[in-house]
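Enquirer: So I've got this file, structure20.cif, and it contains mmCIF, N, CA, C and O atoms:
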data_entry
loop_
_atom_site.label_atom_id
_atom_site.label_comp_id
_atom_site.auth_asym_id
_atom_site.auth_seq_id
_atom_site.Cartn_x
_atom_site.Cartn_y
_atom_site.Cartn_z
N MET A 115 -11.53 -19.98 22.60
CA MET A 115 -12.65 -20.89 22.76
C MET A 115 -13.47 -20.93 21.47
O MET A 115 -13.73 -19.91 20.87
N VAL A 116 -13.83 -22.10 21.05
CA VAL A 116 -14.66 -22.25 19.86
C VAL A 116 -16.11 -22.08 20.25
O VAL A 116 -16.61 -22.75 21.14
N GLY A 117 -16.77 -21.14 19.58
CA GLY A 117 -18.17 -20.88 19.86
C GLY A 117 -19.07 -21.75 18.99
O GLY A 117 -18.62 -22.63 18.26
N LEU A 118 -20.35 -21.47 19.06
CA LEU A 118 -21.32 -22.20 18.25
C LEU A 118 -21.08 -22.00 16.76
O LEU A 118 -21.51 -22.80 15.94
N SER A 119 -20.39 -20.91 16.43
CA SER A 119 -20.13 -20.60 15.03
C SER A 119 -19.02 -21.45 14.42
O SER A 119 -18.80 -21.42 13.23
N GLY A 120 -18.28 -22.20 15.26
CA GLY A 120 -17.26 -23.09 14.75
C GLY A 120 -15.88 -22.49 14.58
O GLY A 120 -15.01 -23.09 13.97
N PHE A 121 -15.66 -21.30 15.10
CA PHE A 121 -14.34 -20.68 15.02
C PHE A 121 -14.03 -19.96 16.33
O PHE A 121 -14.91 -19.76 17.15
N LYS A 122 -12.76 -19.58 16.49
CA LYS A 122 -12.32 -18.92 17.71
C LYS A 122 -12.18 -17.42 17.51
O LYS A 122 -11.67 -16.97 16.48
N GLU A 123 -12.65 -16.65 18.49
CA GLU A 123 -12.41 -15.20 18.53
C GLU A 123 -11.12 -15.02 19.32
O GLU A 123 -11.02 -15.50 20.46
N VAL A 124 -10.13 -14.36 18.74
CA VAL A 124 -8.85 -14.21 19.41
C VAL A 124 -8.39 -12.76 19.41
O VAL A 124 -8.77 -11.97 18.53
N ASP A 125 -7.56 -12.42 20.41
CA ASP A 125 -7.07 -11.05 20.54
C ASP A 125 -5.73 -10.89 19.81
O ASP A 125 -5.11 -11.88 19.40
N PRO A 126 -5.27 -9.64 19.65
CA PRO A 126 -4.03 -9.40 18.91
C PRO A 126 -2.81 -10.13 19.48
O PRO A 126 -1.98 -10.63 18.71
N ALA A 127 -2.69 -10.21 20.79
CA ALA A 127 -1.53 -10.89 21.38
C ALA A 127 -1.51 -12.37 20.98
O ALA A 127 -0.44 -12.92 20.64
N TYR A 128 -2.66 -13.00 21.00
CA TYR A 128 -2.74 -14.41 20.61
C TYR A 128 -2.45 -14.58 19.12
O TYR A 128 -1.79 -15.53 18.71
N VAL A 129 -2.93 -13.65 18.30
CA VAL A 129 -2.65 -13.70 16.86
C VAL A 129 -1.16 -13.57 16.61
O VAL A 129 -0.60 -14.28 15.78
N ALA A 130 -0.50 -12.69 17.33
CA ALA A 130 0.96 -12.53 17.18
C ALA A 130 1.67 -13.84 17.51
O ALA A 130 2.61 -14.24 16.81
N GLU A 131 1.21 -14.54 18.55
CA GLU A 131 1.79 -15.84 18.91
C GLU A 131 1.55 -16.86 17.80
O GLU A 131 2.47 -17.59 17.42
N LEU A 132 0.33 -16.91 17.30
CA LEU A 132 0.01 -17.84 16.22
C LEU A 132 0.85 -17.54 14.97
O LEU A 132 1.36 -18.46 14.32
N ALA A 133 0.97 -16.26 14.64
CA ALA A 133 1.74 -15.86 13.45
C ALA A 133 3.20 -16.28 13.60
O ALA A 133 3.81 -16.77 12.63
N ALA A 134 3.76 -16.12 14.79
CA ALA A 134 5.15 -16.50 15.03
C ALA A 134 5.35 -18.01 14.88
O ALA A 134 6.45 -18.47 14.58
N LYS A 135 4.28 -18.77 15.07
CA LYS A 135 4.35 -20.23 14.96
C LYS A 135 3.95 -20.73 13.57
O LYS A 135 3.76 -21.92 13.37
N GLY A 136 3.74 -19.81 12.62
CA GLY A 136 3.45 -20.21 11.26
C GLY A 136 2.00 -20.24 10.85
O GLY A 136 1.65 -20.86 9.85
N ALA A 137 1.14 -19.56 11.61
CA ALA A 137 -0.27 -19.50 11.21
C ALA A 137 -0.41 -18.80 9.86
O ALA A 137 0.42 -17.99 9.47
N HIS A 138 -1.46 -19.12 9.18
CA HIS A 138 -1.80 -18.53 7.89
C HIS A 138 -2.68 -17.31 8.17
O HIS A 138 -3.73 -17.46 8.79
N LEU A 139 -2.28 -16.12 7.74
CA LEU A 139 -3.06 -14.89 7.95
C LEU A 139 -3.75 -14.49 6.66
O LEU A 139 -3.10 -14.41 5.61
N ILE A 140 -5.04 -14.21 6.76
CA ILE A 140 -5.82 -13.81 5.58
C ILE A 140 -6.52 -12.49 5.87
O ILE A 140 -7.22 -12.35 6.87
N ASP A 141 -6.32 -11.54 4.98
CA ASP A 141 -6.93 -10.22 5.06
C ASP A 141 -8.10 -10.20 4.07
O ASP A 141 -7.90 -10.37 2.87
N VAL A 142 -9.33 -10.02 4.58
CA VAL A 142 -10.51 -10.04 3.70
C VAL A 142 -11.05 -8.64 3.37
O VAL A 142 -12.15 -8.51 2.86
N ARG A 143 -10.23 -7.62 3.64
CA ARG A 143 -10.68 -6.25 3.36
C ARG A 143 -10.65 -5.93 1.86
O ARG A 143 -10.13 -6.69 1.06
N THR A 144 -11.15 -4.77 1.52
CA THR A 144 -11.15 -4.31 0.13
C THR A 144 -9.75 -3.84 -0.26
O THR A 144 -8.89 -3.59 0.60
N GLU A 145 -9.53 -3.68 -1.55
CA GLU A 145 -8.24 -3.17 -2.04
C GLU A 145 -7.91 -1.81 -1.42
O GLU A 145 -6.78 -1.57 -1.03
N ALA A 146 -8.91 -0.93 -1.33
CA ALA A 146 -8.68 0.40 -0.76
C ALA A 146 -8.26 0.32 0.71
O ALA A 146 -7.39 1.07 1.16
N GLU A 147 -8.87 -0.59 1.45
CA GLU A 147 -8.50 -0.76 2.86
C GLU A 147 -7.09 -1.34 2.99
O GLU A 147 -6.31 -0.92 3.84
N VAL A 148 -6.77 -2.31 2.16
CA VAL A 148 -5.45 -2.93 2.20
C VAL A 148 -4.37 -1.90 1.90
O VAL A 148 -3.28 -1.94 2.47
N ALA A 149 -4.67 -0.96 1.01
CA ALA A 149 -3.69 0.08 0.67
C ALA A 149 -3.29 0.92 1.88
O ALA A 149 -2.22 1.54 1.88
N GLN A 150 -4.09 0.91 2.93
CA GLN A 150 -3.79 1.68 4.13
C GLN A 150 -2.81 0.96 5.06
O GLN A 150 -2.32 1.53 6.02
N GLY A 151 -2.53 -0.31 4.79
CA GLY A 151 -1.58 -1.07 5.59
C GLY A 151 -2.08 -2.46 5.88
O GLY A 151 -3.30 -2.70 5.88
N VAL A 152 -1.14 -3.38 6.13
CA VAL A 152 -1.46 -4.78 6.35
C VAL A 152 -0.64 -5.36 7.50
O VAL A 152 0.35 -4.79 7.91
N ILE A 153 -1.07 -6.50 7.98
CA ILE A 153 -0.28 -7.26 8.95
C ILE A 153 0.74 -8.06 8.15
O ILE A 153 0.39 -8.72 7.17
N ASP A 154 1.98 -7.98 8.57
CA ASP A 154 3.06 -8.65 7.85
C ASP A 154 2.77 -10.14 7.69
O ASP A 154 2.38 -10.81 8.63
N GLY A 155 2.94 -10.62 6.48
CA GLY A 155 2.74 -12.03 6.19
C GLY A 155 1.34 -12.41 5.77
O GLY A 155 1.09 -13.56 5.40
N ALA A 156 0.42 -11.46 5.80
CA ALA A 156 -0.97 -11.76 5.44
C ALA A 156 -1.14 -11.88 3.93
O ALA A 156 -0.46 -11.21 3.16
N ILE A 157 -2.07 -12.73 3.55
CA ILE A 157 -2.46 -12.90 2.15
C ILE A 157 -3.81 -12.21 1.98
O ILE A 157 -4.71 -12.39 2.79
N HIS A 158 -3.93 -11.43 0.91
CA HIS A 158 -5.17 -10.71 0.66
C HIS A 158 -6.12 -11.56 -0.18
O HIS A 158 -5.81 -11.94 -1.31
N ILE A 159 -7.26 -11.88 0.41
CA ILE A 159 -8.35 -12.54 -0.31
C ILE A 159 -9.61 -11.74 0.04
O ILE A 159 -10.16 -11.91 1.12
N PRO A 160 -10.04 -10.84 -0.84
CA PRO A 160 -11.25 -10.06 -0.55
C PRO A 160 -12.41 -10.98 -0.19
O PRO A 160 -12.54 -12.07 -0.75
N LEU A 161 -13.24 -10.54 0.73
CA LEU A 161 -14.33 -11.36 1.23
C LEU A 161 -15.18 -11.95 0.10
O LEU A 161 -15.52 -13.13 0.13
N HIS A 162 -15.49 -11.16 -0.90
CA HIS A 162 -16.36 -11.65 -1.98
C HIS A 162 -15.70 -12.74 -2.82
O HIS A 162 -16.39 -13.47 -3.52
N LEU A 163 -14.38 -12.89 -2.73
CA LEU A 163 -13.69 -13.94 -3.48
C LEU A 163 -13.41 -15.19 -2.64
O LEU A 163 -12.94 -16.20 -3.17
N LEU A 164 -13.71 -15.13 -1.37
CA LEU A 164 -13.41 -16.26 -0.49
C LEU A 164 -14.03 -17.58 -0.96
O LEU A 164 -13.34 -18.60 -0.97
N PRO A 165 -15.28 -17.60 -1.39
CA PRO A 165 -15.83 -18.88 -1.86
C PRO A 165 -15.04 -19.47 -3.03
O PRO A 165 -14.93 -20.69 -3.15
N LEU A 166 -14.46 -18.62 -3.87
CA LEU A 166 -13.69 -19.10 -5.01
C LEU A 166 -12.29 -19.54 -4.62
O LEU A 166 -11.67 -20.34 -5.32
N ARG A 167 -11.77 -19.01 -3.51
CA ARG A 167 -10.39 -19.29 -3.09
C ARG A 167 -10.31 -20.19 -1.85
O ARG A 167 -9.23 -20.44 -1.34
N ALA A 168 -11.44 -20.67 -1.37
CA ALA A 168 -11.46 -21.47 -0.14
C ALA A 168 -10.52 -22.67 -0.21
O ALA A 168 -9.86 -23.02 0.77
N ALA A 169 -10.41 -23.28 -1.36
CA ALA A 169 -9.56 -24.46 -1.51
C ALA A 169 -8.08 -24.12 -1.34
O ALA A 169 -7.26 -25.01 -1.08
N ASP A 170 -7.72 -22.84 -1.46
CA ASP A 170 -6.32 -22.41 -1.29
C ASP A 170 -5.92 -22.29 0.17
O ASP A 170 -4.74 -22.10 0.47
N ILE A 171 -6.89 -22.36 1.07
CA ILE A 171 -6.62 -22.14 2.49
C ILE A 171 -6.28 -23.47 3.15
O ILE A 171 -7.03 -24.44 3.03
N PRO A 172 -5.13 -23.52 3.84
CA PRO A 172 -4.70 -24.79 4.45
C PRO A 172 -5.59 -25.20 5.61
O PRO A 172 -6.15 -24.36 6.30
N GLN A 173 -5.68 -26.50 5.80
CA GLN A 173 -6.43 -27.05 6.94
C GLN A 173 -5.50 -27.66 7.97
O GLN A 173 -5.94 -28.11 9.01
N ASP A 174 -4.19 -27.67 7.68
CA ASP A 174 -3.23 -28.33 8.55
C ASP A 174 -2.52 -27.41 9.54
O ASP A 174 -1.61 -27.83 10.24
N ARG A 175 -2.92 -26.15 9.58
CA ARG A 175 -2.36 -25.20 10.55
C ARG A 175 -3.39 -24.12 10.85
O ARG A 175 -4.36 -23.97 10.10
N PRO A 176 -3.19 -23.37 11.95
CA PRO A 176 -4.17 -22.33 12.28
C PRO A 176 -4.27 -21.28 11.18
O PRO A 176 -3.28 -20.94 10.54
N VAL A 177 -5.47 -20.78 10.98
CA VAL A 177 -5.73 -19.72 10.02
C VAL A 177 -6.39 -18.57 10.78
O VAL A 177 -7.39 -18.78 11.47
N VAL A 178 -5.81 -17.37 10.64
CA VAL A 178 -6.39 -16.17 11.25
C VAL A 178 -6.91 -15.30 10.12
O VAL A 178 -6.19 -14.97 9.19
N ILE A 179 -8.19 -14.94 10.21
CA ILE A 179 -8.79 -14.05 9.23
C ILE A 179 -9.07 -12.72 9.92
O ILE A 179 -9.52 -12.68 11.05
N TYR A 180 -8.75 -11.64 9.21
CA TYR A 180 -9.03 -10.31 9.78
C TYR A 180 -9.56 -9.36 8.72
O TYR A 180 -9.39 -9.56 7.52
N CYS A 181 -10.24 -8.34 9.22
CA CYS A 181 -10.75 -7.25 8.38
C CYS A 181 -10.46 -5.95 9.13
O CYS A 181 -9.54 -5.88 9.93
N ARG A 182 -11.27 -4.95 8.93
CA ARG A 182 -11.04 -3.68 9.61
C ARG A 182 -11.44 -3.74 11.08
O ARG A 182 -10.69 -3.34 11.96
N SER A 183 -12.64 -4.29 11.35
CA SER A 183 -13.16 -4.27 12.72
C SER A 183 -13.49 -5.64 13.30
O SER A 183 -13.83 -5.74 14.46
N GLY A 184 -13.42 -6.67 12.49
CA GLY A 184 -13.72 -8.02 12.97
C GLY A 184 -15.06 -8.57 12.53
O GLY A 184 -15.33 -9.75 12.72
N ALA A 185 -15.91 -7.75 11.92
CA ALA A 185 -17.24 -8.22 11.52
C ALA A 185 -17.20 -9.06 10.25
O ALA A 185 -17.74 -10.17 10.21
N ARG A 186 -16.57 -8.54 9.20
CA ARG A 186 -16.50 -9.31 7.94
C ARG A 186 -15.65 -10.56 8.12
O ARG A 186 -15.95 -11.61 7.54
N SER A 187 -14.58 -10.47 8.91
CA SER A 187 -13.74 -11.65 9.12
C SER A 187 -14.49 -12.71 9.92
O SER A 187 -14.28 -13.90 9.71
N ALA A 188 -15.40 -12.31 10.80
CA ALA A 188 -16.24 -13.28 11.51
C ALA A 188 -17.14 -14.01 10.51
O ALA A 188 -17.33 -15.22 10.60
N GLN A 189 -17.67 -13.27 9.54
CA GLN A 189 -18.48 -13.90 8.49
C GLN A 189 -17.64 -14.88 7.68
O GLN A 189 -18.09 -15.99 7.36
N ALA A 190 -16.40 -14.49 7.39
CA ALA A 190 -15.50 -15.36 6.63
C ALA A 190 -15.18 -16.62 7.42
O ALA A 190 -15.18 -17.72 6.86
N CYS A 191 -14.91 -16.47 8.71
CA CYS A 191 -14.62 -17.63 9.55
C CYS A 191 -15.83 -18.56 9.62
O CYS A 191 -15.68 -19.79 9.53
N ALA A 192 -17.02 -18.00 9.77
CA ALA A 192 -18.23 -18.81 9.82
C ALA A 192 -18.43 -19.56 8.50
O ALA A 192 -18.80 -20.74 8.50
N PHE A 193 -18.17 -18.89 7.39
CA PHE A 193 -18.28 -19.53 6.08
C PHE A 193 -17.33 -20.71 5.99
O PHE A 193 -17.71 -21.81 5.58
N MET A 194 -16.07 -20.49 6.36
CA MET A 194 -15.06 -21.54 6.28
C MET A 194 -15.40 -22.69 7.24
O MET A 194 -15.25 -23.86 6.88
N ALA A 195 -15.85 -22.36 8.44
CA ALA A 195 -16.23 -23.39 9.40
C ALA A 195 -17.39 -24.23 8.86
O ALA A 195 -17.43 -25.45 9.05
N SER A 196 -18.31 -23.59 8.14
CA SER A 196 -19.45 -24.32 7.57
C SER A 196 -19.00 -25.27 6.46
O SER A 196 -19.71 -26.19 6.09
N ARG A 197 -17.79 -25.03 5.94
CA ARG A 197 -17.21 -25.90 4.90
C ARG A 197 -16.30 -26.97 5.51
O ARG A 197 -15.56 -27.62 4.80
N GLY A 198 -16.33 -27.08 6.84
CA GLY A 198 -15.57 -28.13 7.50
C GLY A 198 -14.20 -27.74 8.02
O GLY A 198 -13.47 -28.58 8.54
N TYR A 199 -13.84 -26.49 7.90
CA TYR A 199 -12.55 -26.03 8.41
C TYR A 199 -12.66 -25.82 9.92
O TYR A 199 -13.43 -25.00 10.39
N GLY A 200 -11.87 -26.55 10.68
CA GLY A 200 -11.90 -26.44 12.14
C GLY A 200 -10.76 -25.63 12.71
O GLY A 200 -10.58 -25.59 13.92
N ASN A 201 -10.00 -24.97 11.85
CA ASN A 201 -8.80 -24.25 12.29
C ASN A 201 -8.91 -22.73 12.13
O ASN A 201 -7.91 -22.04 12.05
N MET A 202 -10.14 -22.21 12.11
CA MET A 202 -10.37 -20.79 11.86
C MET A 202 -10.31 -19.96 13.15
O MET A 202 -10.86 -20.35 14.18
N HIS A 203 -9.68 -18.78 13.05
CA HIS A 203 -9.58 -17.82 14.14
C HIS A 203 -9.93 -16.44 13.59
O HIS A 203 -9.40 -16.04 12.54
N ASN A 204 -10.78 -15.72 14.30
CA ASN A 204 -11.14 -14.37 13.91
C ASN A 204 -10.40 -13.38 14.81
O ASN A 204 -10.47 -13.49 16.04
N LEU A 205 -9.71 -12.42 14.21
CA LEU A 205 -9.05 -11.37 14.99
C LEU A 205 -10.13 -10.40 15.48
O LEU A 205 -10.64 -9.59 14.71
N ALA A 206 -10.50 -10.53 16.75
CA ALA A 206 -11.53 -9.68 17.34
C ALA A 206 -11.08 -8.23 17.29
O ALA A 206 -9.98 -7.90 17.70
N GLY A 207 -11.92 -7.38 16.73
CA GLY A 207 -11.58 -5.96 16.62
C GLY A 207 -10.79 -5.63 15.37
O GLY A 207 -10.50 -4.47 15.10
N GLY A 208 -10.44 -6.64 14.60
CA GLY A 208 -9.77 -6.44 13.32
C GLY A 208 -8.42 -5.76 13.42
O GLY A 208 -7.78 -5.72 14.46
N ILE A 209 -8.01 -5.20 12.28
CA ILE A 209 -6.71 -4.55 12.21
C ILE A 209 -6.68 -3.30 13.08
O ILE A 209 -5.61 -2.87 13.53
N ILE A 210 -7.85 -2.75 13.38
CA ILE A 210 -7.90 -1.60 14.29
C ILE A 210 -7.40 -2.03 15.66
O ILE A 210 -6.54 -1.36 16.27
N ALA A 211 -7.89 -3.14 16.18
CA ALA A 211 -7.44 -3.65 17.48
C ALA A 211 -5.97 -4.03 17.43
O ALA A 211 -5.23 -3.81 18.39
N TRP A 212 -5.55 -4.61 16.32
CA TRP A 212 -4.15 -5.00 16.13
C TRP A 212 -3.24 -3.77 16.29
O TRP A 212 -2.27 -3.80 17.05
N ALA A 213 -3.56 -2.71 15.56
CA ALA A 213 -2.74 -1.49 15.62
C ALA A 213 -2.80 -0.84 17.00
O ALA A 213 -1.78 -0.40 17.54
N ARG A 214 -3.98 -0.77 17.58
CA ARG A 214 -4.13 -0.17 18.92
C ARG A 214 -3.36 -0.93 19.99
O ARG A 214 -2.99 -0.35 21.01
N SER A 215 -3.13 -2.22 19.78
CA SER A 215 -2.41 -3.02 20.76
C SER A 215 -0.88 -2.83 20.63
O SER A 215 -0.13 -3.41 21.40
N GLY A 216 -0.47 -2.05 19.65
CA GLY A 216 0.95 -1.78 19.46
C GLY A 216 1.63 -2.69 18.46
O GLY A 216 2.83 -2.60 18.25
N GLN A 217 0.86 -3.56 17.82
CA GLN A 217 1.43 -4.46 16.81
C GLN A 217 1.70 -3.68 15.52
O GLN A 217 1.03 -2.71 15.22
N ALA A 218 2.66 -4.14 14.76
CA ALA A 218 3.07 -3.44 13.55
C ALA A 218 2.09 -3.63 12.40
O ALA A 218 1.56 -4.72 12.18
N VAL A 219 1.86 -2.55 11.68
CA VAL A 219 1.10 -2.57 10.43
C VAL A 219 2.06 -2.01 9.38
O VAL A 219 2.60 -0.92 9.54
N ARG A 220 2.29 -2.80 8.34
CA ARG A 220 3.25 -2.35 7.32
C ARG A 220 2.52 -1.84 6.08
O ARG A 220 1.36 -2.20 5.85
N PRO A 221 3.20 -1.01 5.32
CA PRO A 221 2.59 -0.52 4.09
C PRO A 221 2.31 -1.69 3.15
O PRO A 221 3.06 -2.65 3.11
N ALA A 222 1.22 -1.59 2.43
CA ALA A 222 0.86 -2.63 1.46
C ALA A 222 1.83 -2.59 0.29
O ALA A 222 2.37 -1.55 -0.05
N GLY A 223 1.99 -3.75 -0.33
CA GLY A 223 2.79 -3.81 -1.55
C GLY A 223 4.13 -4.23 -1.33
O GLY A 223 4.96 -4.80 -1.17
#
Render the structure in this file as structure tokens.
Expert:
Amino acid sequence: MVGLSGFKEVDPAYVAELAAKGAHLIDVRTEAEVAQGVIDGAIHIPLHLLPLRAADIPQDRPVVIYCRSGARSAQACAFMASRGYGNMHNLAGGIIAWARSGQAVRPAG
């Protein structure tokens, strides 16, 4: 469901479905956090660089943004929604929720 913030809060199972259908995954964590593991297929764009890289994000398919716990990625989704992107999804609970749900986290690099 799209809230007042202009993006959807989604759970790990839904993100896995979106990813299987070709969604664009963006990891907004720091380099140190990314070194601990990533969701397969994700592109790393640190949160502080998002304004500079926003034009690189597609508008023609779903985009899932995640961080460690879901707070920074919610900020990223709100930022993108404020720029007219209507395809933003925030992974509620971040990569922590992803891993706890049994989804795979692969080594970075």
Enquirer: Using only N, CA, C and O atoms, tabulate the residues of segment 129-161 of chain A lying at most 4.5 Å from any atom of segment 178-187 of chain A, each with its closest atom pair and that distance in Å to one decimal, by chain and increasing residue number, as a Markdown table.
Expert:
| residue | atom | partner | partner_atom | distance |
| --- | --- | --- | --- | --- |
| A:His138 | O | A:Val178 | N | 2.8 |
| A:Leu139 | CA | A:Val178 | O | 3.4 |
| A:Ile140 | N | A:Val178 | O | 2.8 |
| A:Asp141 | CA | A:Tyr180 | O | 3.5 |
| A:Val142 | N | A:Tyr180 | O | 3.0 |
| A:Arg143 | N | A:Tyr180 | O | 4.4 |
Enquirer: Closest to Asp154 of chain A among A:Pro176, A:Gly136, A:Pro221, A:Pro126, using only C-alpha atoms?
Expert: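 Comparing A:Pro176, A:Gly136, A:Pro221, A:Pro126 against Asp154 of chain A, the winner is A:Pro221.
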Enquirer: Quick one: pull the distance between atom CA of Ala169 of chain A and atom N of Ala192 of chain A, Å, one decimal.
Expert: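 Those two atoms sit 15.0 Å apart.
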Enquirer: Which residue, A:Ala146, A:Leu161, A:Leu132, A:Ile153, has the smallest gap to Ala211 of chain A when you use only C-alpha atoms?
Expert: A:Ile153
Enquirer: Which distance in Å separates atom CA of Asp174 of chain A and atom CA of Gln217 of chain A, to one decimal?
Expert: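 The value is 25.7 Å.
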Enquirer: Going by the chain IDs and residue numbers used in this file, which residues fall under the PyMOL selection byres ((chain A and resi 172) around 8)? Write them as number ranges by chain.
Expert: A: 138, 167-171, 173-177, 199-202
Enquirer: Given the file shown, determine the residues that the PyMOL selection byres (((chain A and resi 128 and name CA) around 12) and name CA) selects; report them as a list in words.
Expert: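 Applied to this file, the PyMOL selection byres (((chain A and resi 128 and name CA) around 12) and name CA) returns Lys122, Glu123, Val124, Asp125, Pro126, Ala127, Val129, Ala130, Glu131, Leu132, Ala133, Ala134, Lys135, Ala137, Pro176, Val178, His203, Asn204, Leu205, Ala206, Trp212, Ser215 and Gln217 of chain A.
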Enquirer: Pick from A:Gly155, A:Ala188, A:Ser196, A:Gly223: nearest to Gly208 of chain A, with only C-alpha atoms counted?
Expert: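 Checking each of A:Gly155, A:Ala188, A:Ser196, A:Gly223 against Gly208 of chain A, counting only C-alpha atoms, the winner is A:Ala188.
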Enquirer: Rounded to one decimal place, report the atom CA of Phe121 of chain A-atom O of Val219 of chain A distance in Å.
Expert: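 Going from atom CA of Phe121 of chain A over to atom O of Val219 of chain A covers 26.6 Å.
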Enquirer: Please identify the strand (DSSP E or B) residues within chain A (assignment by DSSP from backbone atoms) and present them as a PyMOL selection string.
Expert: chain A and resi 116+122-124+138-141+152+157-158+177-180+202-205+220
Enquirer: Take the residues from that selection and write them out as a compact mmCIF listing (two decimals), in the coordinates of the input, keeping N, CA, C and O atoms.
Expert:
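So the final result, stored in again_24.txt, reads:
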# COMPACT_ATOMS: atom_id res chain seq x y z
N VAL A 116 -13.83 -22.10 21.05
CA VAL A 116 -14.66 -22.25 19.86
C VAL A 116 -16.11 -22.08 20.25
O VAL A 116 -16.61 -22.75 21.14
N LYS A 122 -12.76 -19.58 16.49
CA LYS A 122 -12.32 -18.92 17.71
C LYS A 122 -12.18 -17.42 17.51
O LYS A 122 -11.67 -16.97 16.48
N GLU A 123 -12.65 -16.65 18.49
CA GLU A 123 -12.41 -15.20 18.53
C GLU A 123 -11.12 -15.02 19.32
O GLU A 123 -11.02 -15.50 20.46
N VAL A 124 -10.13 -14.36 18.74
CA VAL A 124 -8.85 -14.21 19.41
C VAL A 124 -8.39 -12.76 19.41
O VAL A 124 -8.77 -11.97 18.53
N HIS A 138 -1.46 -19.12 9.18
CA HIS A 138 -1.80 -18.53 7.89
C HIS A 138 -2.68 -17.31 8.17
O HIS A 138 -3.73 -17.46 8.79
N LEU A 139 -2.28 -16.12 7.74
CA LEU A 139 -3.06 -14.89 7.95
C LEU A 139 -3.75 -14.49 6.66
O LEU A 139 -3.10 -14.41 5.61
N ILE A 140 -5.04 -14.21 6.76
CA ILE A 140 -5.82 -13.81 5.58
C ILE A 140 -6.52 -12.49 5.87
O ILE A 140 -7.22 -12.35 6.87
N ASP A 141 -6.32 -11.54 4.98
CA ASP A 141 -6.93 -10.22 5.06
C ASP A 141 -8.10 -10.20 4.07
O ASP A 141 -7.90 -10.37 2.87
N VAL A 152 -1.14 -3.38 6.13
CA VAL A 152 -1.46 -4.78 6.35
C VAL A 152 -0.64 -5.36 7.50
O VAL A 152 0.35 -4.79 7.91
N ILE A 157 -2.07 -12.73 3.55
CA ILE A 157 -2.46 -12.90 2.15
C ILE A 157 -3.81 -12.21 1.98
O ILE A 157 -4.71 -12.39 2.79
N HIS A 158 -3.93 -11.43 0.91
CA HIS A 158 -5.17 -10.71 0.66
C HIS A 158 -6.12 -11.56 -0.18
O HIS A 158 -5.81 -11.94 -1.31
N VAL A 177 -5.47 -20.78 10.98
CA VAL A 177 -5.73 -19.72 10.02
C VAL A 177 -6.39 -18.57 10.78
O VAL A 177 -7.39 -18.78 11.47
N VAL A 178 -5.81 -17.37 10.64
CA VAL A 178 -6.39 -16.17 11.25
C VAL A 178 -6.91 -15.30 10.12
O VAL A 178 -6.19 -14.97 9.19
N ILE A 179 -8.19 -14.94 10.21
CA ILE A 179 -8.79 -14.05 9.23
C ILE A 179 -9.07 -12.72 9.92
O ILE A 179 -9.52 -12.68 11.05
N TYR A 180 -8.75 -11.64 9.21
CA TYR A 180 -9.03 -10.31 9.78
C TYR A 180 -9.56 -9.36 8.72
O TYR A 180 -9.39 -9.56 7.52
N MET A 202 -10.14 -22.21 12.11
CA MET A 202 -10.37 -20.79 11.86
C MET A 202 -10.31 -19.96 13.15
O MET A 202 -10.86 -20.35 14.18
N HIS A 203 -9.68 -18.78 13.05
CA HIS A 203 -9.58 -17.82 14.14
C HIS A 203 -9.93 -16.44 13.59
O HIS A 203 -9.40 -16.04 12.54
N ASN A 204 -10.78 -15.72 14.30
CA ASN A 204 -11.14 -14.37 13.91
C ASN A 204 -10.40 -13.38 14.81
O ASN A 204 -10.47 -13.49 16.04
N LEU A 205 -9.71 -12.42 14.21
CA LEU A 205 -9.05 -11.37 14.99
C LEU A 205 -10.13 -10.40 15.48
O LEU A 205 -10.64 -9.59 14.71
N ARG A 220 2.29 -2.80 8.34
CA ARG A 220 3.25 -2.35 7.32
C ARG A 220 2.52 -1.84 6.08
O ARG A 220 1.36 -2.20 5.85
Enquirer: Per DSSP on the backbone, what are the alpha helix (DSSP H) residues of segment 172-205 of chain A, as a VMD selection string?
Expert: chain A and resid 185 to 196
Enquirer: Find the residue from A:Arg214, A:Ile209, A:Arg197, A:Gln189 that sits nearest to Gly151 of chain A; use all atoms listed in the file when measuring.
Expert: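 Going through A:Arg214, A:Ile209, A:Arg197, A:Gln189 one by one, the smallest distance to Gly151 of chain A is for A:Ile209.
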